[in-house]
Every structure is written in structure tokens, then in C-alpha cells.
4 protein chains.
Amino acid sequence: MKVGIFGASGYGGVELCRFLLSHPEVEIAYLGGHSTAGQKLSDIYPQLRGRLEMTIEPSDAKTAIERSDFVFFSLESKIGVPWIREVLDAGIKVFDFSADFRLNSAGAYEPHYGDHPAPDMLAGSVYGLPELHREEIRATKLAALPGCYPTSAILALAPLCKDQAIHTDMVVVDSKSGLSGAGRSKLSTVLHFSEANEQVAAYTPGAHRHAPEMDQELSLLGDPVSVTFTPHRIPMTRGILTTAYAVLKEDKTAEELLANYEEFYADEPFVQVMPAGELPVSKYPLGSNMCFIGLTIQPGTRKVIVVSAIDNLIKGQAGAGVQCMNLMCGFDETTGLMGAPVWP
Amino acid sequence: MKVGIFGASGYGGVELCRFLLSHPEVEIAYLGGHSTAGQKLSDIYPQLRGRLEMTIEPSDAKTAIERSDFVFFSLESKIGVPWIREVLDAGIKVFDFSADFRLNSAGAYEPHYGDHPAPDMLAGSVYGLPELHREEIRATKLAALPGCYPTSAILALAPLCKDQAIHTDMVVVDSKSGLSGAGRSKLSTVLHFSEANEQVAAYTPGAHRHAPEMDQELSLLGDPVSVTFTPHRIPMTRGILTTAYAVLKEDKTAEELLANYEEFYADEPFVQVMPAGELPVSKYPLGSNMCFIGLTIQPGTRKVIVVSAIDNLIKGQAGAGVQCMNLMCGFDETTGLMGAPVWP
Amino acid sequence: MKVGIFGASGYGGVELCRFLLSHPEVEIAYLGGHSTAGQKLSDIYPQLRGRLEMTIEPSDAKTAIERSDFVFFSLESKIGVPWIREVLDAGIKVFDFSADFRLNSAGAYEPHYGDHPAPDMLAGSVYGLPELHREEIRATKLAALPGCYPTSAILALAPLCKDQAIHTDMVVVDSKSGLSGAGRSKLSTVLHFSEANEQVAAYTPGAHRHAPEMDQELSLLGDPVSVTFTPHRIPMTRGILTTAYAVLKEDKTAEELLANYEEFYADEPFVQVMPAGELPVSKYPLGSNMCFIGLTIQPGTRKVIVVSAIDNLIKGQAGAGVQCMNLMCGFDETTGLMGAPVWP
Amino acid sequence: MKVGIFGASGYGGVELCRFLLSHPEVEIAYLGGHSTAGQKLSDIYPQLRGRLEMTIEPSDAKTAIERSDFVFFSLESKIGVPWIREVLDAGIKVFDFSADFRLNSAGAYEPHYGDHPAPDMLAGSVYGLPELHREEIRATKLAALPGCYPTSAILALAPLCKDQAIHTDMVVVDSKSGLSGAGRSKLSTVLHFSEANEQVAAYTPGAHRHAPEMDQELSLLGDPVSVTFTPHRIPMTRGILTTAYAVLKEDKTAEELLANYEEFYADEPFVQVMPAGELPVSKYPLGSNMCFIGLTIQPGTRKVIVVSAIDNLIKGQAGAGVQCMNLMCGFDETTGLMGAPVWP
């Protein structure tokens with residue numbers, strides 16, 4: 001099968017190419033770009049020389065449709081919408097990494113992103129988190145891949161929300177992310193090495209645009225919840241560690257909660273629940289599509305602390321995209337995604 | 001005046017030496033050690049060659065008493081207690097960096113550190129955080145310097161607790177620390193560069209031994225509080241960023257809260273409150289005795305998020321020690337501590 | 001085919017497991033260890049949970065022979081020799097990561113490693129660098145995998161030495177390595193995060209034990225050469241960048257030299273020569289078995305500067321082992337090794 | 001005495017401010033800038049709040065002359081020349097961090113920087129390296145502060161060149177620098193955290209514009225020399241480690257050479273020669289004006305390897321500026337510069 005990619009030159013895009021190059025069922029047939037059109041992807045990323053010698057072409061839906069059996073969009077929000085519409089109209093399945101189709105209502109979208117570019121398309125899209133929406137993903141033509149922070153937070157809290165085990169009036173999500181999450185194209189002083197190195201910074205505390213995704217997905221599972229989410233920039237390239245805090249409605253042991261987590265994720269190929277007494281560190285999933293989750297209870301209290309770890313560019317982006325592609329295109333869900341994590 | 005130091009060869013100790021070498025009122029007269037006795041401190045830290053060519057002597061209270069007008073102890077908990085007692089008995093003031101005299105009761109100490117080595121001495125010690133206990137520090141002979149995490153958390157939350165402005169049933173303290181806080185002498189795999197680099201890890205979630213200090217000091221200000229504290233190891237050498245989360249009892253704006261912070265810290269030479277809309281990053285205080293604090297409110301809620309930043313080895317250890325020394329020995333409180341932060 | 005591994009719990013070993021898990025022709029059948037015997041490899045490396053749930057057994061040649069069609073040894077020098085002998089005697093091929101069989105004579109070995117443990121076995125071993133010894137590797141039963149620094153230096157200089165293009169009285173090899181090259185098991189202060197971070201250090205200048213490998217292999221190509229080699233520890237986990245300096249015998253342009261490099265490496269699947277005007281950076285090969293090489297000439301002089309980049313744990317260790325395995329066991333040379341590099 | 005600074009908002013400028021704020025003899029009286037004019041320096045660098053609350057004014061020589069007893073210029077090459085001329089004409093001493101007055105001839109300047117903006121001023125300037133030009137510095141009105149790489153290379157090689165102890169036809173200088181040397185104002189992909197982290201890169205091999213400074217200063221000491229210089233970007237913020245390689249004319253021991261180094265630098269307050277068998281690491285001088293130097297000889301050869309370490313922003317920039325100011329303004333040379341290095 002042939003794959004097209006719009007916006008291949010970002011970090012998510014180049015990781016996507018790496019996974020697709022190793023995927024036995026697909027072949028990259030089209031790379032679309034804007035400022036990079038006319039360059040080879042391997043001119044921008046010389047490490048791909050000899051592996052992917054394709055030229056980036058001007059973004060164009062017709063060319064993508066002609067060449068591809070399905071198409072990835074790795075673009076900023078709003079930019080890709082007209083092409084997505086055109087590609088979908090041609091009967092071709094789409095995997096979109098932007099925020100445009102993640103939120104179920106335009107109303108939830110607008111405070112963070114402005115006017116929604118295509119509210120009529122929301123009903124047809126599915127939130128591309130297989131652990132919560134596997135069957136809907138199989139059936140859709142438009143998968144809206146989750147943000148990297150929401151993936152880590154939702155997987156951390158989903159079993160508790162499903163069980164309605166926590167009070168939802170105060171749920172804290174404190175995430176620590178490597179800086180590749182900020183992408184490559186927008187240079188800024190806060191990402192300048194000398195400023196970012198040896199530095200931890202909270203940003204958009206309580207007001208990050210990924211919080212509504214968390215609220216939407218966790219509320220669908222049980223009680224309505226509005227998390228208090230603060231992301232932090234950490235001096236590392238990759239990985240997200242999320243520490244979530246909530247208050248249990250009833251006394252529970254960590255073992256009891258972990259048994260529920262084990263059950264909730266029993267058939268999940270890409271979620272690993274840690275045994276009691278162990279927590280994941282951010283590097284466990286490095287280079288892989290895995291999410292590791294552990295938890296503990298503050299002694300003598302009902303306060304539960306859940307820690308999850310993903311590779312922000314893989315389970316948080318490119319790998320999740322391939323996982324959805326596998327589901328929507330009828331491949332085995334794990335095809336091309338079973339590489340073990342890299343250590344150290 | 002002459003200063004003695006027990007345990008100079010750790011990171012806190014060598015930073016203390018750096019500050020004392022620049023302090024116009026004091027001279028280092030005694031360095032005591034155990035495994036390092038017989039070595040020059042500049043053999044262990046060659047960067048001190050030509051600056052501090054003293055030999056470390058076996059730890060001995062009598063020598064320290066003979067040579068010193070006051071004495072610092074930078075040792076693991078319990079080890080220094082007999083020497084501290086002897087030095088105090090000789091009428092010499094002591095600044096202790098261990099946890100032994102921070103908690104007001106042996107009962108609070110024991111769950112984390114085991115039997116208290118000198119419960120009779122607790123009444124005479126003062127928690128060495130000048131922002132809360134300046135006058136008691138001036139009057140004491142034994143200052144128990146706070147842990148690095150408690151300094152960052154207590155300064156972040158003190159004005160809210162003083163005003164009884166927050167519900168104290170769910171106060172989350174999520175701290176991110178550079179690895180120098182773990183010291184130099186205990187090698188371990190988690191601090192091995194290849195494991196610690198590109199890595200974030202939560203540890204002792206909800207159960208760190210610094211939490212009781214936070215609870216004690218914050219509860220003294222108003223309502224009893226028991227924080228939910230999780231420290232994280234961050235791949236950097238220095239600095240602590242603490243993100244604290246609480247729920248306000250009443251609607252307030254960030255500006256209103258910041259006005260209270262400004263007032264609370266109005267005369268503090270080492271606390272800088274950020275204006276509304278700005279948060280400190282971990283590197284602002286690097287190399288200095290400053291603590292920077294900022295806060296915000298999650299829009300549409302009563303949830304307040306406070307961020308504080310200190311250099312863990314300075315305001316979190318050596319600088320705090322010098323600040324207490326200045327107070328207890330009658331020097332100007334800021335003497336030797338006014339060096340501006342280092343950037344980048 | 002079944003593979004056995006002695007010493008799987010080091011960084012090279014765990015990377016080897018990662019590659020073997022994805023290799024379509026082989027299956028890991030035996031893990032031998034000493035201090036780790038009785039543990040599951042996934043207890044030491046939790047990221048392998050669900051991927052490799054084998055228990056490490058006490059190192060034992062008989063068990064390895066029974067279970068395996070060929071065997072990797074990832075042990076310190078000298079330790080593995082008796083087992084290697086026993087395994088070879090059973091007709092089973094061996095890939096050895098130690099220094100024991102890299103040098104062609106016991107005399108070259110002894111100044112750096114002490115008495116040679118098995119000089120009689122030297123004649124039967126082959127230096128496992130396929131770019132120089134492909135046919136001998138195919139024919140041998142014992143491949144001695146090169147050190148990581150030698151791989152980067154030899155590949156950088158081989159075409160110049162083959163052409164006898166440089167004066168060999170002053171060849172400088174200045175290498176910069178990530179700290180994973182120092183392994184995991186030996187904790188030391190220089191690898192302690194707070195000491196190694198924000199730190200560059202030269203070590204064993206002019207006297208590193210990898211220099212004799214470079215001298216041996218480069219001298220086999222043409223003029224005898226004795227390099228001046230200084231390795232440096234760099235605050236990163238992975239990768240080696242080697243900068244080599246030599247004086248050309250005759251005036252040449254970079255383009256002329258690069259044409260020779262292109263020819264020398266024309267059929268090499270894992271060497272990529274950069275075009276004139278471009279140099280590799282250490283991260284190009286990250287996560288892959290590639291070696292990238294570029295060069296330039298100091299304007300107005302005959303001084304050539306060659307820069308090479310490898311992932312020290314892959315082309316410098318585990319990947320090179322799989323490449324030799326593929327050659328010696330009759331698989332396609334690139335099987336399991338064609339994953340593209342990871343970026344960023 | 002009053003000090004003016006043009007270009008205070010770069011990394012060198014803000015470090016200069018830090019040193020001047022602690023300097024007992026001077027007061028900052030003027031900050032000139034261009035794009036930053038109208039802002040307070042503490043708006044750009046919030047860590048300076050409460051320490052330096054001055055507003056940056058439009059760059060203007062008249063204002064600087066009115067307010068200042070001497071003036072620092074921390075600007076890109078060529079930009080500051082008209083103001084420097086005006087300030088000098090007013091009889092005010094100047095410390096210039098640009099390359100404009102470092103090279104003794106316009107001819108040496110032009111290949112790297114283009115037309116020289118003021119060749120008539122070259123005769124009056126002095127290369128601001130006190131270890132080689134102390135008396136000339138005392139006497140001049142215009143100190144041209146050295147580049148950071150030249151300081152590390154010249155101090156490493158000066159005693160060998162002075163003794164004419166090495167062959168000068170092949171002298172390799174391989175430097176490894178933290179990224180603060182690239183400054184703050186020019187954002188670029190190579191300095192973007194995700195690209196620069198976990199990365200070593202050689203740049204401008206054999207062709208960096210700092211090489212002519214090294215050649216000029218080392219040649220003045222003895223035989224003419226043209227070094228082969230390659231700088232490398234290292235994933236750290238601060239520090240330069242330079243590894244220099246040369247061939248001795250005669251057999252010498254490291255001890256003999258070190259005795260010459262000790263003698264050469266006997267009265268230097270800011271150069272520390274390491275004992276035989278020890279080499280400096282990049283972090284020894286962190287935060288201080290020190291340069292540490294060590295050397296060894298490749299066993300059985302005449303090849304000498306010298307390693308030097310400086311903090312690129314201090315001995316390589318701001319501290320060197322203060323040292324020259326002290327000399328030219330009649331203060332003790334070490335005033336304000338005796339702070340011990342920071343560790344870790």
C-alpha cells in the first residue's frame with residue numbers, strides 16, 4: 001500500500017518516516033511540504049541518505065490522492081484542513097496529527113485555537129487513542145491523533161475514571177516533557193540550548209490547550225472531570241513523564257488499584273503496568289511505542305499518585321499514527337511497532 | 001572570626017567554602033572529615049588549588065573548638081550529633097545541615113530517620129529559615145538548616161498558609177531537582193550519567209522524608225496542612241523548581257494573591273516575587289542565594305498554581321547556612337551573599 | 001537459529017538483545033551471567049517487560065552449547081576465554097566483544113591488558129570489521145569485534161592509508177564519546193551525573209588501549225602508522241565523533257580525496273561518505289549501524305581533517321556484532337540492521 | 001569610577017555586569033543597546049531584578065562619555081568602531097570584546113571579517129591577554145580582548161613556543177566548547193536544544209576565524225607557527241577544553257616541560273598548572289577567571305599533548321575584560337576576580 005505524508009520535515013514527520021520505512025506493508029509514495037518543497041528530505045536530515053531519497057513536493061491533494069492509498073497530515077492546526085477534506089472526499093483514509101479533529105465540539109476548540117475550520121467534519125472523526133476507541137478507529141476514515149501530553153495523562157488516569165474511583169474536583173496533572181515536543185521549525189530563545197539546558201520551566205500552568213482533550217476523554221469514561229494541568233520543559237530531547245494526583249473516594253491499596261489497571265489494559269500491546277512498588281522513568285519507552293504506568297498511595301491518606309511514561313514522538317505522535325493506520329487499514333495492530341525500547 | 005567545618009568534602013561543603021572564602025568577616029580555620037582526613041580539600045577539588053590549601057583533619061570536636069568561633073556541620077543525619085553537643089557545650093554556635101534538629105518533635109523524626117539521637121536538644125534548636133524565624137535564629141545557638149525541597153516549598157506556600165487562603169486537605173507539591181542534591185559520595189546506578197541523562201524520574205512519591213518539614217512549618221502559619229509531595233530527578237546538575245497546587249477558599253485574582261506575597265516578603269533580601277503573568281524558571285537563582293516565586297490561577301477555577309525556584313546548593317544549603325551565620329554572629333544578613341545569579 | 005549470549009546485562013548486551021529480538025532469522029535461547037544470574041533481564045531493564053522474559057543463568061559453556069547455534073560474548077577481557085574455547089571446540093561460532101582476540105600478537109596485547117590468556121587462539125580469530133575483512137569474517141569461527149573508538153578512527157582513515165596518501169609520522173586522532181561507552185556496571189565519580197554533566201574531559205591522552213588496534217589495522221593497509229590518540233568524555237549518552245588530522249604527501253583537493261573515499265566504500269551498506277563541504281555530526285547515526293564520514297583540507301595547506309560519526313553501542317558494538325553474525329551465519333549482511341537512524 | 005557598557009544584553013555582557021556589580025571600585029553608569037533600548041536589563045534577565053534596575057539606552061557615545069570613566073564594548077565586529085573612536089578621542093579607555101583590534105594588521109583581519117573598519121587604530125591597540133602583554137596593557141587606552149578559543153589555545157602552547165621546543169609545521173588545536181560561546185541573539189537550528197543536545201559537531205575545521213589570533217600571538221613568542229584548529233560544539237552551556245598536539249624537537253619528559261610551564265606562569269594569578277599525571281577538566285574553572293593547564297607525552301614518542309580549560313564567558317570574555325580594566329585603571333589586577341570556581 002502507498003502512503004502520502006503532508007509535513008514530513010518536522011520531528012514527528014521524520015519519526016513517522018522511520019517507522020514507515022521499516023513497515024512491511026507500506027511504501028512512502030508522496031511527501032508534501034511548503035517551505036521545504038523542492039528539497040530532498042535527506043538534505044534536511046542527512047542521516048536518511050541512502051534510506052529515503054525522495055524529494056518533497058509542493059503540498060497538493062490531487063498528487064497525494066493519485067499516489068497514495070492513505071495519507072498522514074503532520075501540520076499545524078488549520079493548515080491541512082482543505083487538503084484533508086479533498087483527500088477524504090476521494091475515499092482515502094486520513095491520519096491527522098493536528099488538533100483540528102480531536103475535540104468533539106467546535107466550542108471546546110475555539111478558546112484555544114480560534115474559529116474551527118471545519119465543524120461539519122467533527123462528527124466523522126475519531127479520537128485516535130486505540131486504548132479507548134479501538135473499534136471506532138477501525139471504522140473511521142479520519143483519525144485525529146491525540147496530543148502527546150493527553151496520551152500520557154489519559155492513559156495514566158483512565159482506569160481510575162472508568163471506575164469512578166476518584167473525586168474529580170481536584171485532579172492535578174503535572175507533566176515533564178523533553179523539548180522535541182516543541183518541534184523543529186520554530187526557533188525561540190526558550191529552546192536555545194544555552195537557555196534550555198540545565199533548566200526546568202513550567203509553562204501555561206492551568207491553561208495549556210491540551211487540557212480540554214484530557215477533560216473530554218476522561219469525562220467520557222465516568223464522572224465529568226476538569227484537570228489542573230501544568231506542563232514543564234525539561235532539559236532532555238525526548239520523553240514525557242506525567243505525575244497525576246487525585247483523591248480516592250474510598251480507601252484502596254495500591255495493589256487493588258493496580259489490579260484494576262492490569263485488567264483495564266490486559267489486552268493492550270503497548271501499555272505496560274508496573275508492579276506495586278515500582279514506577280516507570282521517562283526513558284523506559286525511549287524509541288518505542290510503549291506507555292509504562294505505575295502508581296502509589298500516599299501512606300495514611302486516600303491520595304493516589306500515578307506516573308506514566310511515553311516517548312513523546314512515538315506513542316505521543318508517530319507510533320500512535322502507525323498504530324491507527326494498522327487498525328484502519330486492516331494490518332495487525334502491532335505491525336512495524338514491536339521494536340524494543342532503546343537503552344540507555 | 002574563625003570558622004570550622006565538619007564534612008567539607010560534599011557538594012554543600014565545597015559550596016560553603018566558596019562562599020566563606022569570599023566572606024569579608026570570616027576565615028576557615030578547621031576542616032574535619034572522616035574518609036577524606038589527611039587529604040587536602042584541593043586534592044579532591046583541584047579547582048580550589050591556590051585558593052584553599054588546607055588539609056582535612058580527622059573529625060574532632062576539641063580541635064574544632066580550639067580553632068573556631070563557630071562551626072558548620074555538613075554531615076549525614078545522626079553522625080554529627082556528639083560533636084555538635086560538645087561544640088555547643090563549649091559555647092560555640094552551630095549551623096547544622098542535617099535533618100536532626102529540623103523537626104520539633106522526635107515523633108515526627110522517627111518514621112523517616114529512626115530513633116532520634118538527641119531529643120533533649122530539640123527545644124534549643126531553631127529551624128534555619130530566616131523568612132519565617134529571623135528573630136529566633138538571631139537568638140539561638142543551634143540553627144537547623146532546612147532541606148532543599150522544604151525551602152522551595154515553604155517559601156512558595158507560606159503567604160497562602162499565613163492568610164489561611166487555601167483548603168489544606170489537598171495541597172500538591174511537585175518538585176523537580178538537579179542531581180547535585182543527591183550529593184557526591186554515594187554512587188548509584190540512578191545517578192550514573194548514562195542512566196540519569198535524558199531522564200526524569202519521580203521518587204518516593206507521597207513519602208519523602210522532607211514532607212514533615214513542610215507540614216510543620218506551613219502548619220505553624222495557620223491551618224494544619226499535610227502536603228502531598230513528590231520529588232523528581234531532572235537531568236541537570238543544579239536547581240529546584242517546585243510547582244505547588246492548592247484550592248483557594250474564595251475567589252481571588254492572581255494580582256490579589258501576588259500583592260499578599262509582595263507584602264509577606266517585602267523586606268526579604270533573598271526572595272523575589274515575580275509580577276503577574278511571569279513565572280520563574282529554575283536557572284534564575286543559579287549561583288546565588290535568591291528564591292524566585294510566581295503564581296497563577298487556573299482560569300475559571302479557584303485552583304492556584306505557585307512556582308518557586310532556588311539553587312538547591314545555595315538557598316537550599318550553603319547560602320542559607322551563611323545567611324544564618326550572618327544573623328547569629330551579628331554580621332549584616334546579606335554579607336557575602338550579594339553575588340548576582342550566573343547566566344546562562 | 002538459536003543464539004546464546006554471555007554478559008547480556010551490560011549496555012552492549014542489552015542493545016544486542018534489542019537487535020536480535022527484531023532479527024527475523026534468530027531467537028535468543030540462552031542468557032548467561034554472573035552477578036545477575038537468577039534475575040530476569042527484564043528485572044534489570046524493565047523496558048524489556050513483555051519483550052524478553054528470559055532468566056539469566058549462571059555462565060556455563062555446556063548449557064550454551066546445548067541451546068545455541070552460535071554465541072555472543074559481551075564480557076570484560078580475559079573472563080570469557082575458557083568458555084569461548086569450549087564453545088569453539090563444540091564447533092559453534094563465536095562473536096567476542098572483548099579485546100582478547102583483536103590484536104594479532106600477544107606482544108601487542110600485553111602492555112595494555114597483561115598476559116594474553118590464549119595466544120594459541122589468535123591465529124584463528126579475525127578482526128570483525130567487515131569493511132576491511134569481509135571475506136575473512138565469512139570464513140572464520142571467531143570474530144573479534146573492534147573497540148568503538150577503533151571503528152570510528154579506522155573507517156575515518158582507511159582510504160587515506162590504503163592510498164598511502166599521508167605522512168604517518170604525525171597522525172592525530174581526537175575522539176569525543178558519549179558516556180555509555182564506559183558501561184553500566186562500574187560506577188565511578190567521573191561518571192556520576194553531577195560530575196560528568198556540563199563537563200568535557202580528556203583521558204589517557206596518547207596512551208589509550210584502543211590505539212594499538214588502530215595502528216594494527218591502518219598499518220595493514222599501507223605504510224606503518226602509529227596514531228596519537230586522545231579520547232574525551234562528552235556529556236551525552238551515546239555517539240562518538242572522531243576528528244583525525246594528518247598531512248598529505250601531495251597537494252590534493254577535498255573533492256579528490258572524497259572520490260577515493262566514495263570508491264573505497266562504494267559497496268558498503270553501513271558507511272555513508274558526506275559530500276564536499278559537509279561534515280557528519282555525532283547524532284546522524286544514532287540508533288543505527290551507520291558510520292558517516294566527511295573531510296576537508298585546511299586552506300592553503302596539505303593538512304587533511306577527517307570527521308567520522310558512529311553510534312558507539314551499535315556500529316561500535318552490538319550492530320557490528322550482528323553484522324558479523326550475518327556474514328558468518330550466511331544471512332544477508334544487512335538483515336535486522338536496516339532501521340533508519342533516530343532523530344532527534 | 002563609573003563604567004559604561006555598549007551591548008550589555010549578550011551573555012558576555014550580562015556576565016560582565018555580574019562581575020562589575022561585585023567589584024568594589026566601580027559602578028555601572030551607562031548601558032547602551034540597539035534592539036533592546038528602552039528595556040530594563042532585568043526585563044531581559046529577570047534574575048537581575050533588585051540587583052541592576054537600569055534601563056538600556058540607545059547606543060550613544062556622547063552619553064557614554066558624559067557618564068563613564070571607561071567603557072566596555074561587547075558588540076559584533078565593526079558595529080562599535082565609530083563609538084569606540086569617539087570615546088577614545090574623549091580620552092576615555094576602552095575594552096573591546098570584538099575582533100576588530102585583535103589582529104595587528106588589516107591584512108590578517110580581512111580574510112575572515114572583510115574590510116577593516118579602522119586600520120589607523122590598530123597601532124594603538126593591545127591584545128588583551130595579560131599573561132603575554134601585561135605591561136603594554138597597563139599603558140594602552142584600547143584593549144582588544146582575545147577570542148575565547150585563542151585564550152585557551154595560546155595559554156596552552158605559549159611556554160612551548162617561547163622555548164621553541166616544538167616543530168611548528170604541524171600543531172593541532174582541537175577545542176571543545178559549550179554553546180554559550182555562540183551567544184544569545186542569533187537563534188539557529190544547530191543551537192536549537194533538540195538538535196544540539198546529545199550532539200558533538202566539528203565546525204569550520206581548519207578555517208575558523210580565531211586561528212589567526214593564535215598564529216599571531218604564538219609566533220610572536222618564537223618560531224612562526226600556523227596552527228590547525230578545529231572547534232567543536234559540545235552539549236553543555238559553558239566551558240572550553242582545548243587539546244593541543246605538537247611534536248617536540250628533542251626528547252623531554254612531562255616533568256621537564258611542566259617545570260617550564262610553572263616558571264612561565266609563576267606569577268600569574270589566573271593560571272594554574274596541573275602536576276604531572278593530572279589534566280584539567282572543563283569544569284574546574286567554572287564561574288571563575290582561572291585557566292587550568294596540564295600536559296603529557298605520548299609514551300615512546302616526542303609527541304606532546306597539552307590540555308587547557310577555561311570558562312569561555314569569564315577568562316574567555318568578561319573576566320578577561322575586568323582583568324584588563326584592573327590593569328589599565330590602576331586597580332589591583334585581581335580585584336573582583338577572586339571568587340573561587342563553582343562546583344559541581
# chains A, B, ... in the order shown; residues from 1 in each chain; ligands from 1

$ residues_around --residues "Ala244 in chain B" --least-positions-apart "5" --cutoff "9 Å" --atoms "only C-alpha atoms" --output "PDB file with N, CA and C atoms, in the first residue's frame"
ATOM      1  N   ALA B 153       9.457  24.713  48.855  1.00  0.00           N
ATOM      2  CA  ALA B 153       8.011  24.526  49.028  1.00  0.00           C
ATOM      3  C   ALA B 153       7.437  25.481  50.065  1.00  0.00           C
ATOM      4  N   ALA B 156       7.216  28.946  48.792  1.00  0.00           N
ATOM      5  CA  ALA B 156       6.158  29.046  47.782  1.00  0.00           C
ATOM      6  C   ALA B 156       4.775  29.162  48.411  1.00  0.00           C
ATOM      7  N   LEU B 157       4.560  28.475  49.521  1.00  0.00           N
ATOM      8  CA  LEU B 157       3.209  28.375  50.073  1.00  0.00           C
ATOM      9  C   LEU B 157       2.968  29.215  51.327  1.00  0.00           C
ATOM     10  N   VAL B 171      -3.106  19.619  49.073  1.00  0.00           N
ATOM     11  CA  VAL B 171      -2.066  20.544  48.627  1.00  0.00           C
ATOM     12  C   VAL B 171      -0.968  19.694  47.998  1.00  0.00           C
ATOM     13  N   VAL B 172      -0.790  19.878  46.702  1.00  0.00           N
ATOM     14  CA  VAL B 172       0.203  19.073  45.983  1.00  0.00           C
ATOM     15  C   VAL B 172       1.482  19.880  45.809  1.00  0.00           C
ATOM     16  N   VAL B 173       2.620  19.253  46.128  1.00  0.00           N
ATOM     17  CA  VAL B 173       3.932  19.867  45.916  1.00  0.00           C
ATOM     18  C   VAL B 173       4.721  18.943  45.004  1.00  0.00           C
ATOM     19  N   ASP B 174       4.934  19.398  43.767  1.00  0.00           N
ATOM     20  CA  ASP B 174       5.644  18.573  42.782  1.00  0.00           C
ATOM     21  C   ASP B 174       6.965  19.281  42.485  1.00  0.00           C
ATOM     22  N   SER B 175       8.063  18.697  42.955  1.00  0.00           N
ATOM     23  CA  SER B 175       9.366  19.358  42.817  1.00  0.00           C
ATOM     24  C   SER B 175      10.238  18.649  41.799  1.00  0.00           C
ATOM     25  N   VAL B 304      -5.029  27.464  42.550  1.00  0.00           N
ATOM     26  CA  VAL B 304      -3.848  28.309  42.446  1.00  0.00           C
ATOM     27  C   VAL B 304      -2.626  27.429  42.208  1.00  0.00           C
ATOM     28  N   ILE B 305      -1.743  27.891  41.318  1.00  0.00           N
ATOM     29  CA  ILE B 305      -0.519  27.165  40.992  1.00  0.00           C
ATOM     30  C   ILE B 305       0.638  28.108  41.294  1.00  0.00           C
ATOM     31  N   VAL B 306       1.488  27.688  42.214  1.00  0.00           N
ATOM     32  CA  VAL B 306       2.632  28.521  42.625  1.00  0.00           C
ATOM     33  C   VAL B 306       3.914  27.834  42.165  1.00  0.00           C
ATOM     34  N   VAL B 307       4.834  28.611  41.605  1.00  0.00           N
ATOM     35  CA  VAL B 307       6.113  28.065  41.142  1.00  0.00           C
ATOM     36  C   VAL B 307       7.237  28.806  41.845  1.00  0.00           C
ATOM     37  N   SER B 308       8.159  28.055  42.447  1.00  0.00           N
ATOM     38  CA  SER B 308       9.317  28.693  43.076  1.00  0.00           C
ATOM     39  C   SER B 308      10.596  28.067  42.543  1.00  0.00           C
TER      40      SER B 308
END

$ closest_atom_pairs --of "chain C" --to "chain D" --cutoff "6 Å" --atoms "only C-alpha atoms" --output "JSON lines"
{"residue": "C:Glu198", "atom": "CA", "partner": "D:Met236", "partner_atom": "CA", "distance": 4.8}
{"residue": "C:Gln199", "atom": "CA", "partner": "D:Ser282", "partner_atom": "CA", "distance": 5.5}
{"residue": "C:Val200", "atom": "CA", "partner": "D:Ser282", "partner_atom": "CA", "distance": 5.3}
{"residue": "C:Ala201", "atom": "CA", "partner": "D:Val281", "partner_atom": "CA", "distance": 4.8}
{"residue": "C:Gly206", "atom": "CA", "partner": "D:Gln298", "partner_atom": "CA", "distance": 4.5}
{"residue": "C:Met236", "atom": "CA", "partner": "D:Glu198", "partner_atom": "CA", "distance": 4.8}
{"residue": "C:Val281", "atom": "CA", "partner": "D:Ala201", "partner_atom": "CA", "distance": 4.8}
{"residue": "C:Ser282", "atom": "CA", "partner": "D:Val200", "partner_atom": "CA", "distance": 5.3}
{"residue": "C:Lys283", "atom": "CA", "partner": "D:Gln199", "partner_atom": "CA", "distance": 5.7}
{"residue": "C:Gln298", "atom": "CA", "partner": "D:Gly206", "partner_atom": "CA", "distance": 4.6}

$ select_by_dssp --residues "range 106-338 of chain D" --states "alpha helix (DSSP H)" --output "ChimeraX atom specification"
/D:106-113,130-139,148-162,193-196,211-221,254-264,318-328

$ residues_around --residues "Gly147 in chain B" --least-positions-apart "3" --cutoff "7 Å" --atoms "only C-alpha atoms" --output "PyMOL selection string"
chain B and resi 150-151+210+316
